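Shown next: final_10.txt, given as compact mmCIF, C-alpha atoms and all ligand atoms.
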```txt
# COMPACT_ATOMS: atom_id res chain seq x y z
CA LYS F 75 20.52 -23.89 -8.60
CA LYS F 76 20.59 -20.69 -10.59
CA THR F 77 22.17 -17.43 -9.54
CA LYS F 78 19.91 -14.41 -9.31
CA THR F 79 20.71 -11.83 -11.95
CA VAL F 80 19.28 -8.32 -12.02
CA GLN F 81 18.38 -6.99 -15.47
CA TYR F 82 19.26 -3.38 -16.12
CA GLY F 83 17.95 -1.40 -19.07
CA LYS F 84 20.13 0.87 -21.17
CA ARG F 85 19.28 3.64 -18.75
CA GLY F 86 21.29 1.95 -15.99
CA MET F 87 18.23 1.69 -13.74
CA THR F 88 15.17 -0.49 -13.86
CA LEU F 89 11.79 1.19 -14.34
CA GLU F 90 10.97 0.37 -10.73
CA GLU F 91 14.15 2.06 -9.48
CA GLU F 92 13.36 5.17 -11.53
CA ILE F 93 9.87 5.31 -10.06
CA ASN F 94 11.19 4.81 -6.52
CA GLN F 95 13.63 7.64 -7.03
CA SER F 96 10.93 9.93 -8.41
CA ASN F 97 8.64 9.04 -5.48
CA GLN F 98 11.43 9.94 -3.07
CA PHE F 99 11.73 13.30 -4.81
CA TYR F 100 7.95 13.86 -4.57
CA LEU F 101 7.91 12.85 -0.89
CA GLU F 102 10.76 15.13 0.18
CA ARG F 103 9.15 18.15 -1.48
CA ASP F 104 5.64 17.42 -0.13
CA ILE F 105 4.36 16.91 -3.70
CA ALA F 106 2.86 13.44 -3.19
CA VAL F 107 3.04 10.42 -0.88
CA ILE F 108 3.52 7.34 -3.06
CA HIS F 109 5.26 4.13 -2.00
CA LYS F 110 6.12 0.79 -3.49
CA LYS F 111 4.33 -1.95 -1.61
CA PRO F 112 6.61 -4.61 -0.12
CA THR F 113 6.70 -7.94 -1.95
CA PRO F 114 4.39 -10.36 -0.14
CA ILE F 115 6.35 -13.23 1.41
CA GLN F 116 4.95 -16.33 3.09
CA VAL F 117 7.10 -17.02 6.14
CA VAL F 118 7.29 -20.70 7.13
CA LYS F 119 10.17 -20.95 9.60
CA VAL F 120 11.75 -18.33 11.87
CA ASP F 121 14.68 -18.66 14.25
CA TYR F 122 14.89 -16.42 17.33
CA PRO F 123 18.55 -16.39 18.32
CA LYS F 124 19.34 -14.95 21.77
CA ARG F 125 20.32 -11.28 21.78
CA SER F 126 19.87 -10.80 18.04
CA ALA F 127 17.18 -10.24 15.45
CA ALA F 128 14.76 -12.94 14.28
CA VAL F 129 16.08 -14.79 11.22
CA ILE F 130 13.65 -16.09 8.62
CA ARG F 131 14.95 -19.51 7.54
CA GLU F 132 12.23 -20.66 5.16
CA ALA F 133 9.90 -18.44 3.17
CA TYR F 134 8.33 -18.17 -0.27
CA TYR F 135 7.40 -15.35 -2.61
CA ARG F 136 3.65 -14.99 -2.98
CA GLN F 137 1.64 -13.52 -5.83
CA SER F 138 0.51 -9.99 -4.99
CA SER F 139 -3.25 -9.51 -5.12
CA THR F 140 -2.85 -5.82 -5.92
CA THR F 141 -0.38 -3.59 -7.77
CA ASP F 142 3.15 -2.27 -7.22
CA PHE F 143 2.51 1.28 -6.08
CA ASN F 144 -0.14 3.38 -4.41
CA GLY F 145 -0.52 6.66 -2.57
CA VAL F 146 -2.11 10.09 -2.47
CA TYR F 147 -1.62 13.16 -4.69
CA LYS F 148 -3.66 16.38 -4.54
CA GLY F 149 -6.41 14.50 -2.71
CA PHE F 150 -6.55 11.72 -5.31
CA TYR F 151 -5.85 8.07 -4.64
CA LEU F 152 -3.29 6.76 -7.14
CA ASP F 153 -2.75 3.08 -7.85
CA PHE F 154 -0.44 1.69 -10.50
CA GLU F 155 1.65 -1.09 -11.82
CA ALA F 156 5.06 -0.73 -13.55
CA LYS F 157 5.97 -3.04 -16.44
CA GLU F 158 8.85 -3.28 -18.89
CA THR F 159 8.98 -5.03 -22.25
CA LYS F 160 11.72 -5.70 -24.79
CA ASN F 161 9.11 -5.84 -27.57
CA LYS F 162 9.13 -3.16 -30.25
CA GLN F 163 5.61 -3.21 -31.64
CA SER F 164 3.29 -3.95 -28.74
CA PHE F 165 2.94 -4.68 -25.06
CA PRO F 166 2.02 -8.34 -24.31
CA LEU F 167 -0.94 -8.78 -21.97
CA LYS F 168 0.66 -11.87 -20.43
CA ASN F 169 2.71 -9.42 -18.35
CA PHE F 170 -0.41 -8.90 -16.21
CA HIS F 171 -2.32 -11.09 -13.81
CA GLU F 172 -6.08 -10.97 -13.87
CA HIS F 173 -6.29 -9.91 -10.20
CA GLN F 174 -4.17 -6.85 -10.98
CA ILE F 175 -6.62 -5.79 -13.70
CA PHE F 176 -9.61 -6.39 -11.40
CA HIS F 177 -7.90 -4.47 -8.60
CA MET F 178 -7.30 -1.45 -10.84
CA ASP F 179 -10.93 -1.56 -12.03
CA LYS F 180 -12.13 -1.55 -8.43
CA CYS F 181 -9.89 1.41 -7.57
CA GLN F 182 -11.29 3.40 -10.52
CA LYS F 183 -14.85 2.60 -9.40
CA GLN F 184 -14.06 4.10 -5.99
CA GLY F 185 -12.87 7.33 -7.62
CA GLY F 186 -9.18 6.52 -7.63
CA ILE F 187 -6.80 7.00 -10.57
CA ALA F 188 -5.41 3.66 -11.72
CA PHE F 189 -2.90 3.17 -14.50
CA VAL F 190 0.09 1.28 -15.74
CA LEU F 191 3.53 2.71 -16.48
CA ILE F 192 4.82 0.81 -19.51
CA CYS F 193 8.46 0.95 -20.53
CA PHE F 194 9.56 -0.09 -24.02
CA SER F 195 13.13 -0.60 -22.90
CA ILE F 196 14.66 -0.87 -26.40
CA PHE F 197 13.50 2.65 -27.22
CA ASN F 198 13.78 4.03 -23.66
CA ARG F 199 10.18 5.18 -23.97
CA VAL F 200 7.81 5.19 -20.99
CA PHE F 201 4.05 5.66 -21.22
CA LEU F 202 1.26 6.09 -18.73
CA LEU F 203 -1.87 4.22 -19.83
CA GLU F 204 -5.07 4.47 -17.82
CA SER F 205 -6.40 1.15 -16.55
CA GLU F 206 -9.69 1.40 -18.48
CA TYR F 207 -7.79 0.83 -21.77
CA LEU F 208 -5.90 -2.05 -20.25
CA SER F 209 -9.19 -3.64 -19.11
CA MET F 210 -10.63 -3.18 -22.58
CA PHE F 211 -7.79 -5.17 -24.20
CA TRP F 212 -7.79 -7.67 -21.35
CA ASN F 213 -11.47 -8.46 -21.72
CA ASN F 214 -11.26 -8.57 -25.52
CA GLN F 215 -8.43 -11.10 -25.65
CA LYS F 216 -10.80 -13.87 -24.58
CA LYS F 217 -12.73 -13.52 -27.82
CA ALA F 218 -11.58 -15.75 -30.69
CA GLY F 219 -8.94 -14.22 -32.94
CA SER F 220 -8.32 -11.22 -30.66
CA ARG F 221 -5.05 -9.54 -29.92
CA LYS F 222 -2.98 -10.75 -26.98
CA SER F 223 -1.10 -7.46 -26.77
CA ILE F 224 -1.63 -3.69 -26.84
CA PRO F 225 -0.08 -2.10 -29.97
CA LEU F 226 2.48 0.63 -29.35
CA SER F 227 0.53 2.81 -31.78
CA PHE F 228 -2.56 2.51 -29.54
CA ILE F 229 -0.49 3.44 -26.47
CA GLU F 230 1.03 6.41 -28.33
CA GLU F 231 -2.45 7.64 -29.21
CA ASN F 232 -4.29 6.99 -25.95
CA GLY F 233 -1.57 7.12 -23.31
CA TYR F 234 0.77 9.84 -22.10
CA GLU F 235 4.46 9.65 -22.92
CA ILE F 236 6.67 10.49 -19.93
CA GLN F 237 9.83 12.40 -20.80
CA TYR F 238 13.00 11.60 -18.89
CA GLY F 239 14.26 14.50 -16.82
CA PHE F 240 16.76 15.32 -14.14
CA GLN F 241 14.70 15.76 -10.99
CA PRO F 242 12.64 13.67 -10.88
CA SER F 243 14.01 11.34 -13.53
CA LEU F 244 10.51 10.19 -14.42
CA HIS F 245 7.96 12.94 -13.82
CA TYR F 246 4.85 10.80 -14.25
CA LEU F 247 2.75 13.10 -12.06
CA GLY F 248 2.76 15.52 -14.99
CA ALA F 249 0.60 13.00 -16.88
CA VAL F 250 -1.56 12.50 -13.77
CA ASP F 251 -2.19 16.28 -13.77
CA GLN F 252 -3.62 15.90 -17.30
CA ILE F 253 -5.91 13.09 -16.11
CA ILE F 254 -7.10 15.22 -13.18
CA LYS F 255 -7.75 18.15 -15.52
CA ASN F 256 -9.84 15.92 -17.82
CA LYS F 257 -11.88 14.72 -14.83
CA LYS F 258 -13.08 18.24 -14.03
CA LYS Y 117 15.39 -19.90 20.86
CA LYS Y 118 11.86 -18.85 21.69
CA THR Y 119 8.70 -20.20 20.14
CA LYS Y 120 6.45 -17.74 18.39
CA THR Y 121 3.16 -17.28 20.20
CA VAL Y 122 0.16 -15.50 18.75
CA GLN Y 123 -1.78 -13.30 21.17
CA TYR Y 124 -5.54 -13.42 20.84
CA GLY Y 125 -7.85 -10.96 22.54
CA LYS Y 126 -11.01 -11.97 24.30
CA ARG Y 127 -12.79 -11.56 20.99
CA GLY Y 128 -10.93 -14.55 19.54
CA MET Y 129 -9.42 -12.45 16.75
CA THR Y 130 -6.70 -9.84 16.76
CA LEU Y 131 -7.64 -6.29 15.78
CA GLU Y 132 -5.72 -6.80 12.54
CA GLU Y 133 -7.72 -9.92 11.69
CA GLU Y 134 -10.98 -8.09 12.37
CA ILE Y 135 -9.92 -5.25 10.07
CA ASN Y 136 -8.82 -7.69 7.34
CA GLN Y 137 -12.19 -9.41 7.54
CA SER Y 138 -14.06 -6.11 7.36
CA ASN Y 139 -11.91 -5.04 4.38
CA GLN Y 140 -12.78 -8.29 2.62
CA PHE Y 141 -16.47 -7.53 3.22
CA TYR Y 142 -16.04 -3.98 1.82
CA LEU Y 143 -14.12 -5.28 -1.20
CA GLU Y 144 -16.66 -7.97 -2.17
CA ARG Y 145 -19.53 -5.48 -2.05
CA ASP Y 146 -17.67 -2.73 -3.95
CA ILE Y 147 -17.83 -0.47 -0.89
CA ALA Y 148 -14.10 0.26 -0.64
CA VAL Y 149 -10.71 -1.07 -1.72
CA ILE Y 150 -8.51 -1.27 1.38
CA HIS Y 151 -5.64 -3.71 1.89
CA LYS Y 152 -3.08 -4.51 4.54
CA LYS Y 153 0.40 -3.84 3.23
CA PRO Y 154 2.72 -6.83 3.33
CA THR Y 155 5.35 -6.82 6.08
CA PRO Y 156 8.63 -5.58 4.60
CA ILE Y 157 11.26 -8.30 4.59
CA GLN Y 158 14.93 -7.97 3.67
CA VAL Y 159 15.88 -11.05 1.66
CA VAL Y 160 19.55 -12.06 1.97
CA LYS Y 161 19.76 -15.58 0.53
CA VAL Y 162 17.53 -17.40 -1.95
CA ASP Y 163 17.79 -20.95 -3.26
CA TYR Y 164 16.44 -21.80 -6.72
CA PRO Y 165 15.83 -25.54 -6.69
CA LYS Y 166 15.19 -27.17 -10.08
CA ARG Y 167 11.53 -27.58 -10.99
CA SER Y 168 10.22 -25.90 -7.84
CA ALA Y 169 9.62 -22.47 -6.36
CA ALA Y 170 12.40 -20.22 -5.08
CA VAL Y 171 13.05 -20.76 -1.36
CA ILE Y 172 14.16 -17.85 0.80
CA ARG Y 173 16.80 -19.21 3.21
CA GLU Y 174 17.87 -16.07 5.04
CA ALA Y 175 15.80 -12.95 5.54
CA TYR Y 176 15.02 -10.34 8.20
CA TYR Y 177 11.98 -8.33 9.20
CA ARG Y 178 12.40 -4.64 8.45
CA GLN Y 179 10.74 -1.65 10.06
CA SER Y 180 7.93 -0.35 7.87
CA SER Y 181 8.32 3.30 6.86
CA THR Y 182 4.57 3.72 6.52
CA THR Y 183 1.41 2.32 8.14
CA ASP Y 184 -0.51 -0.98 8.14
CA PHE Y 185 -3.40 -0.21 5.80
CA ASN Y 186 -4.31 2.04 2.92
CA GLY Y 187 -6.79 2.26 0.09
CA VAL Y 188 -9.61 4.21 -1.50
CA TYR Y 189 -13.18 4.91 -0.33
CA LYS Y 190 -15.67 7.24 -2.05
CA GLY Y 191 -12.79 8.95 -3.83
CA PHE Y 192 -10.84 9.52 -0.61
CA TYR Y 193 -7.42 8.12 0.12
CA LEU Y 194 -7.44 6.33 3.49
CA ASP Y 195 -4.31 5.53 5.45
CA PHE Y 196 -4.23 4.02 8.91
CA GLU Y 197 -2.45 2.08 11.56
CA ALA Y 198 -4.04 -0.50 13.91
CA LYS Y 199 -2.85 -0.76 17.52
CA GLU Y 200 -3.94 -2.71 20.57
CA THR Y 201 -3.22 -2.02 24.22
CA LYS Y 202 -3.89 -3.88 27.48
CA ASN Y 203 -3.87 -0.56 29.36
CA LYS Y 204 -7.10 0.68 30.94
CA GLN Y 205 -6.58 4.40 31.30
CA SER Y 206 -4.58 5.53 28.31
CA PHE Y 207 -2.86 4.58 25.09
CA PRO Y 208 0.98 4.67 25.33
CA LEU Y 209 2.70 6.64 22.58
CA LYS Y 210 5.63 4.21 22.58
CA ASN Y 211 3.39 1.97 20.42
CA PHE Y 212 4.19 4.28 17.51
CA HIS Y 213 7.32 4.99 15.52
CA GLU Y 214 8.07 8.55 14.53
CA HIS Y 215 8.09 7.74 10.80
CA GLN Y 216 4.51 6.44 11.12
CA ILE Y 217 3.38 9.76 12.61
CA PHE Y 218 5.24 11.72 9.92
CA HIS Y 219 3.78 9.51 7.20
CA MET Y 220 0.21 10.10 8.42
CA ASP Y 221 0.85 13.85 8.60
CA LYS Y 222 2.07 13.83 5.01
CA CYS Y 223 -1.01 11.89 3.86
CA GLN Y 224 -3.31 14.42 5.55
CA LYS Y 225 -1.44 17.28 3.86
CA GLN Y 226 -2.14 15.66 0.47
CA GLY Y 227 -5.87 15.55 1.23
CA GLY Y 228 -5.97 11.96 2.47
CA ILE Y 229 -7.75 10.76 5.62
CA ALA Y 230 -5.24 9.34 8.10
CA PHE Y 231 -6.09 7.82 11.44
CA VAL Y 232 -5.35 5.13 13.96
CA LEU Y 233 -7.69 2.36 15.07
CA ILE Y 234 -6.99 1.84 18.77
CA CYS Y 235 -8.26 -1.21 20.60
CA PHE Y 236 -8.44 -1.28 24.40
CA SER Y 237 -8.49 -5.05 24.49
CA ILE Y 238 -9.50 -5.41 28.15
CA PHE Y 239 -12.76 -3.56 27.48
CA ASN Y 240 -13.19 -4.75 23.86
CA ARG Y 241 -13.51 -1.11 22.85
CA VAL Y 242 -12.19 0.14 19.50
CA PHE Y 243 -11.81 3.81 18.59
CA LEU Y 244 -10.90 5.69 15.45
CA LEU Y 245 -8.72 8.71 16.24
CA GLU Y 246 -7.66 11.08 13.46
CA SER Y 247 -3.91 11.45 13.04
CA GLU Y 248 -3.89 15.17 13.85
CA TYR Y 249 -4.67 14.37 17.52
CA LEU Y 250 -2.01 11.71 17.55
CA SER Y 251 0.55 14.19 16.16
CA MET Y 252 -0.45 16.71 18.80
CA PHE Y 253 0.31 14.28 21.64
CA TRP Y 254 3.41 13.01 19.83
CA ASN Y 255 4.92 16.47 19.49
CA ASN Y 256 3.97 17.47 23.02
CA GLN Y 257 5.66 14.51 24.69
CA LYS Y 258 9.08 15.98 23.98
CA LYS Y 259 8.37 18.87 26.33
CA ALA Y 260 9.45 18.39 29.94
CA GLY Y 261 6.81 16.86 32.19
CA SER Y 262 4.44 15.99 29.34
CA ARG Y 263 2.28 12.92 28.96
CA LYS Y 264 3.71 9.86 27.23
CA SER Y 265 0.23 8.51 26.48
CA ILE Y 266 -3.19 9.56 25.20
CA PRO Y 267 -5.86 9.36 27.95
CA LEU Y 268 -8.85 7.14 27.18
CA SER Y 269 -11.08 10.08 28.19
CA PHE Y 270 -9.49 12.21 25.43
CA ILE Y 271 -10.04 9.43 22.89
CA GLU Y 272 -13.66 9.02 24.02
CA GLU Y 273 -14.23 12.74 23.52
CA ASN Y 274 -12.33 13.32 20.27
CA GLY Y 275 -12.41 9.94 18.54
CA TYR Y 276 -15.19 7.75 17.18
CA GLU Y 277 -16.08 4.54 18.97
CA ILE Y 278 -16.59 1.63 16.54
CA GLN Y 279 -19.35 -0.78 17.56
CA TYR Y 280 -18.83 -4.48 16.90
CA GLY Y 281 -21.29 -5.91 14.43
CA PHE Y 282 -21.96 -9.00 12.38
CA GLN Y 283 -21.06 -8.00 8.84
CA PRO Y 284 -18.61 -6.39 8.86
CA SER Y 285 -17.42 -7.17 12.37
CA LEU Y 286 -15.78 -3.76 12.64
CA HIS Y 287 -17.61 -1.17 10.54
CA TYR Y 288 -14.99 1.57 10.81
CA LEU Y 289 -16.08 3.18 7.52
CA GLY Y 290 -19.12 4.45 9.43
CA ALA Y 291 -16.76 6.70 11.38
CA VAL Y 292 -14.96 7.66 8.15
CA ASP Y 293 -18.35 8.80 6.78
CA GLN Y 294 -18.58 11.21 9.72
CA ILE Y 295 -15.11 12.57 8.95
CA ILE Y 296 -16.04 13.05 5.28
CA LYS Y 297 -19.25 14.84 6.30
CA ASN Y 298 -17.27 17.21 8.54
CA LYS Y 299 -14.87 17.98 5.68
CA LYS Y 300 -17.65 19.38 3.51
MG MG C 401 5.57 -4.56 -11.73
MG MG C 402 -0.12 -2.14 13.60
```

Once you've parsed the file, please lay out its structure as structure tokens.
Amino acid sequence: KKTKTVQYGKRGMTLEEEINQSNQFYLERDIAVIHKKPTPIQVVKVDYPKRSAAVIREAYYRQSSTTDFNGVYKGFYLDFEAKETKNKQSFPLKNFHEHQIFHMDKCQKQGGIAFVLICFSIFNRVFLLESEYLSMFWNNQKKAGSRKSIPLSFIEENGYEIQYGFQPSLHYLGAVDQIIKNKK
Amino acid sequence: KKTKTVQYGKRGMTLEEEINQSNQFYLERDIAVIHKKPTPIQVVKVDYPKRSAAVIREAYYRQSSTTDFNGVYKGFYLDFEAKETKNKQSFPLKNFHEHQIFHMDKCQKQGGIAFVLICFSIFNRVFLLESEYLSMFWNNQKKAGSRKSIPLSFIEENGYEIQYGFQPSLHYLGAVDQIIKNKK
């Protein structure tokens, strides 16, 4: 048996925690309604002790068929995944599952805004990259001799860098505003 | 200890199962991307056996802070809760939690479409009622002598009845089309 260890970046919080905190900020100020979806768990055995809450005694983590976060902002449906890497030069595609890519594609087709928030944890740099670029690299990797990762230089050129701030710590909706502006 | 029993309506499926099936239909035909959110579970103890998947050994069901379903349809953010009642005359408000009502209000404010799908299981009748009506009854109930339920007659007049069909079994997006039309 191994003991569960939580990995913290240099920032003291994981990317997911920073996003949760920013979403809380957005929610309290009526700026947006965005939540992390619960982790899907397959429950096998439940005990129902008298006079107390049901206790799950056997359960397993399941693979999510969608992404980490979704919600609504200025009338737009947002859907995104958060990923961290310790790499310096590029973001490895093996961090994604094919169903996540397909899900984001489907959301875009329905008029939603789908993207990934990528953190290069060594540099403390976070980027928003729209899912169409991710799909492009994903579909290309199957061809012989193709890249299995997205170069940082590509992300710098085609994504939006999110600056760390105070409130919220990660103001990624600023980048979403740019995407909305480009849609019009 | 009690044994868990699953309640089926006369239709042979729960309302939630019917909605899941309809969502699957919508997803496969690129009509909409709508998913049930996983039930939030607080994990307390996990075993990591060698060479096999992590086993959750102690966990508890948590109250969801949002609703059952959300997703995107024709560019609109949809957010809704599904509820069944065995009552004949009215739908009891005690079936809701205050945070669900607040959540739906917040979604509407951001330009989303929030509603509840209410099933009167004795009659096999399903209605879509927009969250603003639900909020109205919810806020009124705190006044002395007010109703603690929404009369079926009110729902018939102000909601949309969903007819059962073959594919999908519950075509609730038909009612959403009406809501979208009225928005324009
Ligand atoms: Mg993630
Ligand atoms: Mg429900």

Identify, on the basis of all atoms listed in the file, every residue whose closest approach to range 249-253 of chain Y does not exceed 10 Å; exclude the query and any residue fewer than 5 positions from it along the same chain; express the result as a VMD selection string. chain Y and resid 209 212 214 217 to 218 220 to 221 231 to 232 258 262 to 266 270 to 271 274 to 275

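Around ligand MG 401 (chain C), using all atoms listed in the file and a cut-off of 6 Å, the residues in contact are Asp142, Glu155, Ala156 and Lys157 of chain F.
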
With only C-alpha atoms and all ligand atoms counted, collect every polymer residue having an atom within 12 Å of ligand MG 402 (chain C); state the result as number ranges by chain. Y: 130-133, 135, 152-155, 179-180, 182-185, 195-201, 211-213, 216, 231-235

Can you write out as a Markdown table which residues of chain Y fall within 9 Å of chain F, alongside each residue's closest atom pair and its distance in Å to one decimal, counting all atoms listed in the file and ordering rows by chain and ascending residue number?
```
| residue | atom | partner | partner_atom | distance |
| --- | --- | --- | --- | --- |
| Y:Lys117 | CA | F:Tyr122 | CA | 5.0 |
| Y:Lys118 | CA | F:Tyr122 | CA | 5.8 |
| Y:Thr119 | CA | F:Tyr122 | CA | 7.8 |
| Y:Lys120 | CA | F:Val120 | CA | 8.4 |
| Y:Leu143 | CA | F:Lys180 | CA | 8.4 |
| Y:Asp146 | CA | F:Lys180 | CA | 7.2 |
| Y:Ile147 | CA | F:Gln184 | CA | 7.8 |
| Y:Ala148 | CA | F:Gln184 | CA | 6.6 |
| Y:Val149 | CA | F:Cys181 | CA | 6.4 |
| Y:His151 | CA | F:Thr140 | CA | 8.6 |
| Y:Lys153 | CA | F:Lys111 | CA | 6.5 |
| Y:Pro154 | CA | F:Pro114 | CA | 5.2 |
| Y:Thr155 | CA | F:Pro112 | CA | 6.7 |
| Y:Pro156 | CA | F:Pro112 | CA | 5.2 |
| Y:Ile157 | CA | F:Pro112 | CA | 7.6 |
| Y:Val159 | CA | F:Ile130 | CA | 8.9 |
| Y:Val162 | CA | F:Lys78 | CA | 8.3 |
| Y:Asp163 | CA | F:Lys75 | CA | 6.7 |
| Y:Tyr164 | CA | F:Lys75 | CA | 5.0 |
| Y:Pro165 | CA | F:Lys75 | CA | 5.3 |
| Y:Lys166 | CA | F:Lys75 | CA | 6.4 |
| Y:Ala169 | CA | F:Tyr134 | CA | 7.6 |
| Y:Ala170 | CA | F:Tyr134 | CA | 6.6 |
| Y:Val171 | CA | F:Tyr134 | CA | 5.5 |
| Y:Ile172 | CA | F:Ala133 | CA | 4.9 |
| Y:Arg173 | CA | F:Arg131 | CA | 4.7 |
| Y:Glu174 | CA | F:Arg131 | CA | 5.2 |
| Y:Ala175 | CA | F:Ile130 | CA | 4.9 |
| Y:Tyr176 | CA | F:Val129 | CA | 5.5 |
| Y:Tyr177 | CA | F:Ala128 | CA | 7.4 |
| Y:Thr182 | CA | F:His109 | CA | 8.6 |
| Y:Asn186 | CA | F:Gly145 | CA | 8.1 |
| Y:Gly187 | CA | F:Tyr151 | CA | 7.6 |
| Y:Val188 | CA | F:Tyr151 | CA | 6.2 |
| Y:Tyr189 | CA | F:Gln184 | CA | 5.8 |
| Y:Lys190 | CA | F:Gln184 | CA | 5.3 |
| Y:Gly191 | CA | F:Gly185 | CA | 4.1 |
| Y:Phe192 | CA | F:Tyr151 | CA | 6.6 |
| Y:Tyr193 | CA | F:Tyr151 | CA | 5.0 |
| Y:Leu194 | CA | F:Tyr151 | CA | 8.5 |
| Y:Asp195 | CA | F:Gly145 | CA | 8.9 |
| Y:His219 | CA | F:Val107 | CA | 8.2 |
| Y:Lys222 | CA | F:Val107 | CA | 6.9 |
| Y:Cys223 | CA | F:Val107 | CA | 6.4 |
| Y:Gln224 | CA | F:Gly149 | CA | 8.8 |
| Y:Lys225 | CA | F:Asp104 | CA | 8.1 |
| Y:Gln226 | CA | F:Lys148 | CA | 5.3 |
| Y:Gly227 | CA | F:Gly149 | CA | 4.1 |
| Y:Gly228 | CA | F:Gly149 | CA | 5.8 |
```

So the first atom is CA of Arg103 in chain F and the second is CA of Ile295 in chain Y; what is the distance between them in Å, to one decimal place? 27.0 Å

Please, what is the axis-aligned box for every listed atom of range 203-222 of chain F with 4 Å on each side, as centre and edge lengths in Å to one decimal, as lines of an AutoDock Vina configuration file?
```
center_x = -7.3
center_y = -5.6
center_z = -24.7
size_x = 18.9
size_y = 28.2
size_z = 24.4
```

Of the listed residues F:Tyr234, F:Asn94, F:Phe240, F:Gln215, that which approaches Leu202 in chain F most closely, counting only C-alpha atoms: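 Closest residue, counting only C-alpha atoms: F:Tyr234.
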
What is the CA of Phe243 in chain Y-CA of Tyr288 in chain Y distance in Å, reported with one decimal?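 So the two atoms, CA of Phe243 in chain Y and CA of Tyr288 in chain Y, lie 8.7 Å apart.
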
Work out how far CA of Phe99 in chain F is from CA of Ile254 in chain F, in Å to one decimal.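 Distance between the two atoms: 20.7 Å.
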
Contacts of Lys204 in chain Y at 12 Å or less, counting only C-alpha atoms, minus same-chain residues fewer than 4 places along, as an MDAnalysis selection string? chainID Y and resid 200 208 235:241 265:269

Do a neighbour search on Gln283 in chain Y at 8 Å with all atoms listed in the file, toss out local chain neighbours closer than 3 positions, and write the hits as a PyMOL selection string. chain Y and resi 138+141+286-287

Could you rebuild range 204-215 of chain F with N, CA, C and O atoms and give it back as a PDB file, in the coordinates of the input?
```pdb
ATOM      1  N   GLU F 204      -4.038   4.638 -18.842  1.00  0.00           N
ATOM      2  CA  GLU F 204      -5.070   4.470 -17.820  1.00  0.00           C
ATOM      3  C   GLU F 204      -5.634   3.044 -17.861  1.00  0.00           C
ATOM      4  O   GLU F 204      -5.735   2.429 -18.918  1.00  0.00           O
ATOM      5  N   SER F 205      -6.032   2.561 -16.685  1.00  0.00           N
ATOM      6  CA  SER F 205      -6.400   1.150 -16.550  1.00  0.00           C
ATOM      7  C   SER F 205      -7.639   0.773 -17.362  1.00  0.00           C
ATOM      8  O   SER F 205      -7.823  -0.396 -17.701  1.00  0.00           O
ATOM      9  N   GLU F 206      -8.491   1.747 -17.709  1.00  0.00           N
ATOM     10  CA  GLU F 206      -9.690   1.400 -18.480  1.00  0.00           C
ATOM     11  C   GLU F 206      -9.317   0.847 -19.873  1.00  0.00           C
ATOM     12  O   GLU F 206     -10.000  -0.055 -20.381  1.00  0.00           O
ATOM     13  N   TYR F 207      -8.243   1.353 -20.466  1.00  0.00           N
ATOM     14  CA  TYR F 207      -7.790   0.830 -21.770  1.00  0.00           C
ATOM     15  C   TYR F 207      -7.215  -0.579 -21.613  1.00  0.00           C
ATOM     16  O   TYR F 207      -7.431  -1.456 -22.449  1.00  0.00           O
ATOM     17  N   LEU F 208      -6.473  -0.738 -20.545  1.00  0.00           N
ATOM     18  CA  LEU F 208      -5.900  -2.050 -20.250  1.00  0.00           C
ATOM     19  C   LEU F 208      -7.012  -3.090 -20.078  1.00  0.00           C
ATOM     20  O   LEU F 208      -6.962  -4.181 -20.666  1.00  0.00           O
ATOM     21  N   SER F 209      -8.042  -2.735 -19.321  1.00  0.00           N
ATOM     22  CA  SER F 209      -9.190  -3.640 -19.110  1.00  0.00           C
ATOM     23  C   SER F 209      -9.873  -3.995 -20.411  1.00  0.00           C
ATOM     24  O   SER F 209     -10.308  -5.130 -20.610  1.00  0.00           O
ATOM     25  N   MET F 210      -9.984  -2.983 -21.283  1.00  0.00           N
ATOM     26  CA  MET F 210     -10.630  -3.180 -22.580  1.00  0.00           C
ATOM     27  C   MET F 210      -9.898  -4.275 -23.367  1.00  0.00           C
ATOM     28  O   MET F 210     -10.507  -5.241 -23.824  1.00  0.00           O
ATOM     29  N   PHE F 211      -8.581  -4.162 -23.486  1.00  0.00           N
ATOM     30  CA  PHE F 211      -7.790  -5.170 -24.200  1.00  0.00           C
ATOM     31  C   PHE F 211      -7.829  -6.501 -23.466  1.00  0.00           C
ATOM     32  O   PHE F 211      -7.899  -7.559 -24.083  1.00  0.00           O
ATOM     33  N   TRP F 212      -7.779  -6.444 -22.151  1.00  0.00           N
ATOM     34  CA  TRP F 212      -7.790  -7.670 -21.350  1.00  0.00           C
ATOM     35  C   TRP F 212      -9.071  -8.468 -21.587  1.00  0.00           C
ATOM     36  O   TRP F 212      -9.036  -9.674 -21.810  1.00  0.00           O
ATOM     37  N   ASN F 213     -10.194  -7.774 -21.551  1.00  0.00           N
ATOM     38  CA  ASN F 213     -11.470  -8.460 -21.720  1.00  0.00           C
ATOM     39  C   ASN F 213     -11.675  -8.944 -23.160  1.00  0.00           C
ATOM     40  O   ASN F 213     -12.301  -9.975 -23.387  1.00  0.00           O
ATOM     41  N   ASN F 214     -11.123  -8.201 -24.105  1.00  0.00           N
ATOM     42  CA  ASN F 214     -11.260  -8.570 -25.520  1.00  0.00           C
ATOM     43  C   ASN F 214     -10.467  -9.816 -25.894  1.00  0.00           C
ATOM     44  O   ASN F 214     -10.872 -10.565 -26.781  1.00  0.00           O
ATOM     45  N   GLN F 215      -9.343 -10.031 -25.232  1.00  0.00           N
ATOM     46  CA  GLN F 215      -8.430 -11.100 -25.650  1.00  0.00           C
ATOM     47  C   GLN F 215      -9.069 -12.484 -25.557  1.00  0.00           C
ATOM     48  O   GLN F 215      -8.602 -13.433 -26.176  1.00  0.00           O
TER      49      GLN F 215
END
```
